[in-house]
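Peer 1: query.cif (mmCIF, C-alpha atoms) pasted underneath:
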```
data_protein
loop_
_atom_site.group_PDB
_atom_site.id
_atom_site.type_symbol
_atom_site.label_atom_id
_atom_site.label_comp_id
_atom_site.auth_asym_id
_atom_site.auth_seq_id
_atom_site.Cartn_x
_atom_site.Cartn_y
_atom_site.Cartn_z
ATOM 1 C CA MET G 18 20.283 -5.681 -5.004
ATOM 2 C CA SER G 19 17.008 -4.582 -3.499
ATOM 3 C CA GLU G 20 14.041 -2.566 -4.611
ATOM 4 C CA ARG G 21 11.169 -0.909 -2.808
ATOM 5 C CA SER G 22 7.848 -2.696 -2.658
ATOM 6 C CA HIS G 23 4.655 -1.388 -4.162
ATOM 7 C CA LYS G 24 3.650 -0.297 -0.637
ATOM 8 C CA GLY G 25 6.303 2.415 -0.560
ATOM 9 C CA ARG G 26 3.851 5.082 0.604
ATOM 10 C CA SER G 27 2.174 2.992 3.295
ATOM 11 C CA ALA G 28 3.177 2.590 6.931
ATOM 12 C CA GLN G 29 4.255 -1.008 6.239
ATOM 13 C CA ARG G 30 7.485 -0.800 4.254
ATOM 14 C CA TYR G 31 9.751 -3.708 3.515
ATOM 15 C CA GLU G 32 12.602 -4.542 1.216
ATOM 16 C CA VAL G 33 12.307 -7.201 -1.506
ATOM 17 C CA THR G 34 15.763 -8.786 -1.791
ATOM 18 C CA ASP G 35 17.127 -11.201 -4.351
ATOM 19 C CA GLY G 36 17.247 -13.901 -1.660
ATOM 20 C CA PHE G 37 13.592 -13.378 -0.846
ATOM 21 C CA ARG G 38 12.630 -13.475 -4.523
ATOM 22 C CA ALA G 39 14.619 -16.696 -5.112
ATOM 23 C CA GLN G 40 13.032 -18.435 -2.113
ATOM 24 C CA HIS G 41 9.573 -17.215 -3.177
ATOM 25 C CA GLU G 42 10.025 -18.616 -6.680
ATOM 26 C CA ALA G 43 11.307 -21.925 -5.251
ATOM 27 C CA VAL G 44 8.153 -22.294 -3.160
ATOM 28 C CA PHE G 45 5.462 -20.791 -5.400
ATOM 29 C CA GLY G 46 7.061 -20.963 -8.839
ATOM 30 C CA GLU G 47 7.786 -18.093 -11.123
ATOM 31 C CA SER G 48 5.234 -15.356 -10.546
ATOM 32 C CA LYS G 49 3.704 -13.768 -13.589
ATOM 33 C CA PRO G 50 1.024 -11.198 -12.792
ATOM 34 C CA GLN G 51 -1.981 -11.733 -15.021
ATOM 35 C CA ARG G 52 -4.850 -9.335 -15.293
ATOM 36 C CA GLY G 53 -8.405 -10.205 -16.141
ATOM 37 C CA ARG G 54 -11.466 -11.868 -14.671
ATOM 38 C CA TRP G 55 -11.049 -15.255 -12.994
ATOM 39 C CA ILE G 56 -13.635 -17.799 -11.825
ATOM 40 C CA TRP G 57 -13.154 -20.740 -9.440
ATOM 41 C CA ASP G 58 -13.775 -24.009 -11.295
ATOM 42 C CA ARG G 59 -14.907 -26.714 -8.890
ATOM 43 C CA GLU G 60 -14.003 -29.559 -11.253
ATOM 44 C CA ARG G 61 -10.454 -28.383 -11.878
ATOM 45 C CA ARG G 62 -10.141 -26.995 -8.334
ATOM 46 C CA ALA G 63 -8.343 -23.937 -9.656
ATOM 47 C CA LEU G 64 -8.919 -20.398 -10.835
ATOM 48 C CA VAL G 65 -9.702 -20.296 -14.530
ATOM 49 C CA PRO G 66 -9.825 -17.290 -16.866
ATOM 50 C CA ALA G 67 -13.456 -16.319 -17.423
ATOM 51 C CA SER G 68 -13.118 -16.966 -21.153
ATOM 52 C CA GLU G 69 -12.199 -20.634 -20.481
ATOM 53 C CA TYR G 70 -14.787 -21.249 -17.754
ATOM 54 C CA ARG G 71 -17.685 -23.576 -18.536
ATOM 55 C CA ALA G 72 -20.701 -23.506 -16.216
ATOM 56 C CA PRO G 73 -21.760 -26.856 -14.707
ATOM 57 C CA GLU G 74 -24.690 -28.713 -16.202
ATOM 58 C CA ALA G 75 -28.165 -28.275 -14.701
ATOM 59 C CA ALA G 76 -27.889 -31.654 -12.946
ATOM 60 C CA ASP G 77 -24.931 -30.340 -10.927
ATOM 61 C CA THR G 78 -26.955 -27.435 -9.498
ATOM 62 C CA PHE G 79 -29.282 -29.727 -7.514
ATOM 63 C CA GLY G 80 -27.354 -29.144 -4.289
ATOM 64 C CA ARG G 81 -28.106 -25.422 -4.414
ATOM 65 C CA VAL G 82 -31.917 -25.590 -4.204
ATOM 66 C CA ALA G 83 -33.409 -23.350 -1.509
ATOM 67 C CA VAL G 84 -35.636 -24.878 1.192
ATOM 68 C CA VAL G 85 -39.128 -23.415 0.785
ATOM 69 C CA THR G 86 -41.269 -25.894 2.760
ATOM 70 C CA ASP G 87 -41.802 -26.974 6.353
ATOM 71 C CA LEU G 88 -40.102 -30.313 5.733
ATOM 72 C CA TYR G 89 -37.233 -29.228 7.992
ATOM 73 C CA MET G 90 -39.644 -29.880 10.892
ATOM 74 C CA ASP G 91 -40.586 -33.349 9.654
ATOM 75 C CA GLY G 92 -39.982 -35.945 12.350
ATOM 76 C CA THR G 93 -39.461 -33.396 15.141
ATOM 77 C CA ARG G 94 -40.581 -34.600 18.551
ATOM 78 C CA ALA G 95 -41.093 -32.876 21.892
ATOM 79 C CA THR G 96 -39.180 -34.028 24.968
ATOM 80 C CA ASP G 97 -42.092 -36.277 25.956
ATOM 81 C CA GLY G 98 -42.076 -37.950 22.512
ATOM 82 C CA THR G 99 -45.098 -36.154 21.049
ATOM 83 C CA ASP G 100 -44.888 -35.529 17.299
ATOM 84 C CA ILE G 101 -44.592 -31.780 16.587
ATOM 85 C CA GLY G 102 -43.437 -32.174 12.984
ATOM 86 C CA SER G 103 -45.565 -29.351 11.543
ATOM 87 C CA ARG G 104 -46.446 -25.802 12.536
ATOM 88 C CA ARG G 105 -50.009 -26.763 13.428
ATOM 89 C CA LYS G 106 -48.930 -29.740 15.593
ATOM 90 C CA ARG G 107 -46.345 -27.602 17.383
ATOM 91 C CA ARG G 108 -48.825 -24.744 17.970
ATOM 92 C CA ASP G 109 -51.476 -27.151 19.344
ATOM 93 C CA TYR G 110 -48.911 -28.880 21.576
ATOM 94 C CA MET G 111 -47.742 -25.528 22.975
ATOM 95 C CA ARG G 112 -51.347 -24.476 23.737
ATOM 96 C CA GLN G 113 -52.301 -27.792 25.361
ATOM 97 C CA ASN G 114 -49.302 -27.742 27.680
ATOM 98 C CA GLY G 115 -49.337 -24.014 28.461
ATOM 99 C CA LEU G 116 -45.937 -23.410 26.868
ATOM 100 C CA ALA G 117 -44.544 -20.319 25.163
ATOM 101 C CA ASP G 118 -41.430 -19.376 23.227
ATOM 102 C CA ALA G 119 -38.887 -17.069 24.835
ATOM 103 C CA SER G 120 -39.322 -14.649 21.915
ATOM 104 C CA ASP G 121 -42.920 -14.068 23.060
ATOM 105 C CA TYR G 122 -41.566 -12.196 26.093
ATOM 106 C CA ALA G 123 -38.934 -10.016 24.394
ATOM 107 C CA GLY G 124 -40.902 -6.792 24.986
ATOM 108 C CA VAL G 125 -41.699 -7.695 28.597
ATOM 109 C CA TRP G 126 -38.046 -8.383 29.390
ATOM 110 C CA ALA G 127 -36.936 -5.122 27.757
ATOM 111 C CA ARG G 128 -39.402 -3.096 29.878
ATOM 112 C CA ALA G 129 -38.371 -4.937 33.049
ATOM 113 C CA GLU G 130 -34.710 -4.205 32.293
ATOM 114 C CA GLN G 131 -35.500 -0.504 31.894
ATOM 115 C CA ASP G 132 -37.432 -0.525 35.193
ATOM 116 C CA ARG G 133 -34.501 -2.192 36.985
ATOM 117 C CA ALA G 134 -32.042 0.306 35.558
ATOM 118 C CA ARG G 135 -34.278 3.236 36.600
ATOM 119 C CA PHE G 136 -34.735 1.784 40.089
ATOM 120 C CA LEU G 137 -31.020 1.106 40.599
ATOM 121 C CA SER G 138 -30.079 4.601 39.421
ATOM 122 C CA GLY G 139 -32.314 6.134 42.093
ATOM 123 C CA GLY G 140 -35.072 7.262 39.752
ATOM 124 C CA GLY G 141 -37.559 4.607 40.812
ATOM 125 C CA ASP G 142 -39.958 4.450 43.743
ATOM 126 C CA GLY G 143 -37.336 3.006 46.095
ATOM 127 C CA THR G 144 -37.901 5.649 48.794
ATOM 128 C CA ARG G 145 -41.645 4.981 48.898
ATOM 129 C CA ARG G 146 -41.068 1.217 49.112
ATOM 130 C CA LEU G 147 -38.583 1.680 51.928
ATOM 131 C CA GLU G 148 -41.091 3.827 53.870
ATOM 132 C CA GLU G 149 -43.825 1.227 53.321
ATOM 133 C CA THR G 150 -41.551 -1.597 54.490
ATOM 134 C CA ILE G 151 -40.518 0.289 57.652
ATOM 135 C CA GLY G 152 -44.151 1.272 58.362
ATOM 136 C CA ARG G 153 -45.315 -2.329 57.923
ATOM 137 C CA ALA G 154 -42.577 -3.628 60.234
ATOM 138 C CA MET G 155 -43.461 -1.025 62.909
ATOM 139 C CA HIS G 156 -47.171 -1.894 62.634
ATOM 140 C CA GLU G 157 -46.486 -5.620 62.999
ATOM 141 C CA GLN G 158 -44.227 -4.953 65.982
ATOM 142 C CA ASP G 159 -46.885 -2.801 67.683
ATOM 143 C CA ARG G 160 -49.547 -5.429 67.022
ATOM 144 C CA GLY G 161 -47.338 -8.114 68.521
ATOM 145 C CA ARG G 162 -47.027 -6.298 71.900
#
```
Translate the structure of the given file into structure tokens.
Peer 2:
Amino acid sequence: MSERSHKGRSAQRYEVTDGFRAQHEAVFGESKPQRGRWIWDRERRALVPASEYRAPEAADTFGRVAVVTDLYMDGTRATDGTDIGSRRKRRDYMRQNGLADASDYAGVWARAEQDRARFLSGGGDGTRRLEETIGRAMHEQDRGR
């Protein structure tokens, strides 16, 4: 005996046979659809009906505190061993050594990419550069004679 699935109107149709149902029950147990709101209980490690769920005590919520300080930088060192464990130390170190972040050049790189694309598509000043290069080579050749 077989019956159509609940996906009868969809493109994915399949038959639910008695053999399939028996094997399914052997693996997962008897299935009883239950409606309602369910919440994952970490202590029980199972879904629990919302009416039976008890929220954890305030002491258990300690692990969910957001980081709102610069302590994530505490103990950070540069490659030469200099302490850059705060924003001020890092900024001063970058200035003293003439360093910059890659994000400081995002706009410059975007403009250069547009210029390259325009030049490679023939819209740039490639013809003028070619003429200047040929003229310079001819001038240097004439001077060398």
Peer 1: Could you name the residues that touch Leu64 of chain G at 12 Å or less, counting all atoms listed in the file, but leaving out those on the same chain fewer than 4 positions away, as a list in words?
Peer 2: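 Result of the neighbour search: Gln51, Gly53, Arg54, Trp55, Ile56, Trp57, Asp58, Arg59, Glu60, Ser68, Glu69 and Tyr70 of chain G.
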Peer 1: Please report the interatomic distance between atom CA of Ala67 of chain G and atom CA of Lys49 of chain G in Å with one decimal.
Peer 2: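 One can read the atom CA of Ala67 of chain G to atom CA of Lys49 of chain G distance as 17.8 Å.
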Peer 1: Can you tell me how far atom CA of Arg112 of chain G sits from atom CA of Ala129 of chain G, in Å to one decimal?
Peer 2: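 These two atoms are separated by 25.2 Å.
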Peer 1: Give as an MDAnalysis selection string the set of residues within 12 Å of the point (-45.4, -27.3, 26.3), where distances use the file's coordinates and only C-alpha atoms.
Peer 2: chainID G and resid 94:99 101 106:118
Peer 1: Would you write out those residues with C-alpha atoms, as a PDB file, keeping the file's coordinate frame?
Peer 2:
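Once written, again.pdb looks like this:
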```
ATOM      1  CA  ARG G  94     -40.581 -34.600  18.551  1.00  0.00           C
ATOM      2  CA  ALA G  95     -41.093 -32.876  21.892  1.00  0.00           C
ATOM      3  CA  THR G  96     -39.180 -34.028  24.968  1.00  0.00           C
ATOM      4  CA  ASP G  97     -42.092 -36.277  25.956  1.00  0.00           C
ATOM      5  CA  GLY G  98     -42.076 -37.950  22.512  1.00  0.00           C
ATOM      6  CA  THR G  99     -45.098 -36.154  21.049  1.00  0.00           C
ATOM      7  CA  ILE G 101     -44.592 -31.780  16.587  1.00  0.00           C
ATOM      8  CA  LYS G 106     -48.930 -29.740  15.593  1.00  0.00           C
ATOM      9  CA  ARG G 107     -46.345 -27.602  17.383  1.00  0.00           C
ATOM     10  CA  ARG G 108     -48.825 -24.744  17.970  1.00  0.00           C
ATOM     11  CA  ASP G 109     -51.476 -27.151  19.344  1.00  0.00           C
ATOM     12  CA  TYR G 110     -48.911 -28.880  21.576  1.00  0.00           C
ATOM     13  CA  MET G 111     -47.742 -25.528  22.975  1.00  0.00           C
ATOM     14  CA  ARG G 112     -51.347 -24.476  23.737  1.00  0.00           C
ATOM     15  CA  GLN G 113     -52.301 -27.792  25.361  1.00  0.00           C
ATOM     16  CA  ASN G 114     -49.302 -27.742  27.680  1.00  0.00           C
ATOM     17  CA  GLY G 115     -49.337 -24.014  28.461  1.00  0.00           C
ATOM     18  CA  LEU G 116     -45.937 -23.410  26.868  1.00  0.00           C
ATOM     19  CA  ALA G 117     -44.544 -20.319  25.163  1.00  0.00           C
ATOM     20  CA  ASP G 118     -41.430 -19.376  23.227  1.00  0.00           C
TER      21      ASP G 118
END
```
Peer 1: Need the neighbours of (-43.0, -35.3, 13.8): which residues are at most 6 Å away, counting only C-alpha atoms, as a count of residues only?
Peer 2: 7
Peer 1: What does the distance between atom CA of Arg62 of chain G and atom CA of Ala39 of chain G come to in Å, to one decimal place?
Peer 2: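 Interatomic distance, atom CA of Arg62 of chain G to atom CA of Ala39 of chain G: 27.0 Å.
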